[in-house]
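Below: the structure, in structure tokens.
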Amino acid sequence: MKYFDCFVSKEILLAYDGNGNASSIKKPSKVSLALALGLLDSPGEYVLHVGDTLNDLVASQKIIRLNPMHPETLITVGVSWGYEGKKRLKEGVEVSGQGRVHFNHIISKPFELFGIVEKYFKD
């Protein structure tokens with residue numbers, strides 16, 4: 001995957017779990033995203049999380065990685081061609097202690113990611 005600096009698959013989570021049973025570590029989860037942030041060695045504010053469900057959006061909120069007093073939230077991109085569709089993604093979701101959260105961006109075509117990447121990572 002030469003276009004991505006990092007990805008975390010089910011297989012990686014199974015290996016990371018140690019005993020081969022990652023039932024407590026599923027995607028999407030704050031655990032898998034904290035692992036990705038660690039692999040990238042990057043703060044969440046500089047990481048795009050591309051997802052197709054509201055569960056992806058929830059997982060991207062307030063990830064505890066290094067300091068529980070400073071959780072990190074990722075830049076979120078919802079893809080309308082995925083599992084839940086554009087209408088559902090636009091609704092956002094209630095997150096305990098945060099109210100309703102929404103994707104930072106929702107796109108309909110993969111090439112739209114280029115403009116988002118350029119916006120955040122121009123330098």
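Every chain in the structure tokens takes a letter, A first, then B, and so on in the order presented; its residues are numbered from 1, and the ligands are numbered from 1 following the presented order.
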Residues within 12 Å of A:Leu74, only C-alpha atoms, excluding chain neighbours under 6 positions, as an MDAnalysis selection string:
chainID A and resid 30 33:34 36:37 42:51 56:64 102:105 120
Please save C-alpha atoms of the selected residues as a compact mmCIF listing (two decimals), in the first residue's frame.
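Full text of selection11.txt as output:
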# COMPACT_ATOMS: atom_id res chain seq x y z
CA LYS A 30 -10.02 3.49 19.59
CA LEU A 33 -6.53 3.85 15.96
CA ALA A 34 -4.22 4.38 18.96
CA ALA A 36 -2.00 3.41 14.13
CA LEU A 37 -1.08 6.73 15.77
CA SER A 42 1.98 11.42 14.74
CA PRO A 43 -0.60 13.42 16.70
CA GLY A 44 -4.22 12.77 15.74
CA GLU A 45 -4.72 16.27 14.39
CA TYR A 46 -2.39 15.31 11.49
CA VAL A 47 -4.01 11.96 10.66
CA LEU A 48 -6.88 11.30 8.25
CA HIS A 49 -9.25 8.49 9.17
CA VAL A 50 -11.25 7.43 6.12
CA GLY A 51 -14.35 5.43 7.02
CA ASP A 56 -15.64 4.75 12.23
CA LEU A 57 -16.56 8.30 13.20
CA VAL A 58 -17.08 7.37 16.87
CA ALA A 59 -13.76 5.50 16.99
CA SER A 60 -11.97 8.64 15.72
CA GLN A 61 -13.08 10.75 18.68
CA LYS A 62 -10.94 11.33 21.77
CA ILE A 63 -8.43 8.50 21.36
CA ILE A 64 -6.26 7.95 24.42
CA HIS A 102 -20.02 14.74 12.34
CA PHE A 103 -17.41 13.77 9.78
CA ASN A 104 -15.09 16.66 8.90
CA HIS A 105 -15.63 15.74 5.24
CA TYR A 120 -4.35 19.71 5.58
Spatial neighbours of A:Arg88, 10 Å, only C-alpha atoms, chain gap at least 6 places, as a compact mmCIF listing (two decimals) with C-alpha atoms, in the first residue's frame:
# COMPACT_ATOMS: atom_id res chain seq x y z
CA ASP A 52 -17.72 4.35 5.72
CA THR A 53 -19.71 3.96 8.95
CA LEU A 54 -20.73 6.04 11.93
CA SER A 80 -20.53 7.77 0.68
Using only C-alpha atoms, which of the listed residues (A:Val101, A:Glu112, A:Gly78, A:Val8) sits closest to A:Val31?
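The answer is A:Val8, which sits nearest to A:Val31.
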Please indicate the distance in Å from atom CA of A:Met69 to atom CA of A:Gly92, rounded to one decimal place.
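Going from atom CA of A:Met69 over to atom CA of A:Gly92, I get 25.1 Å.
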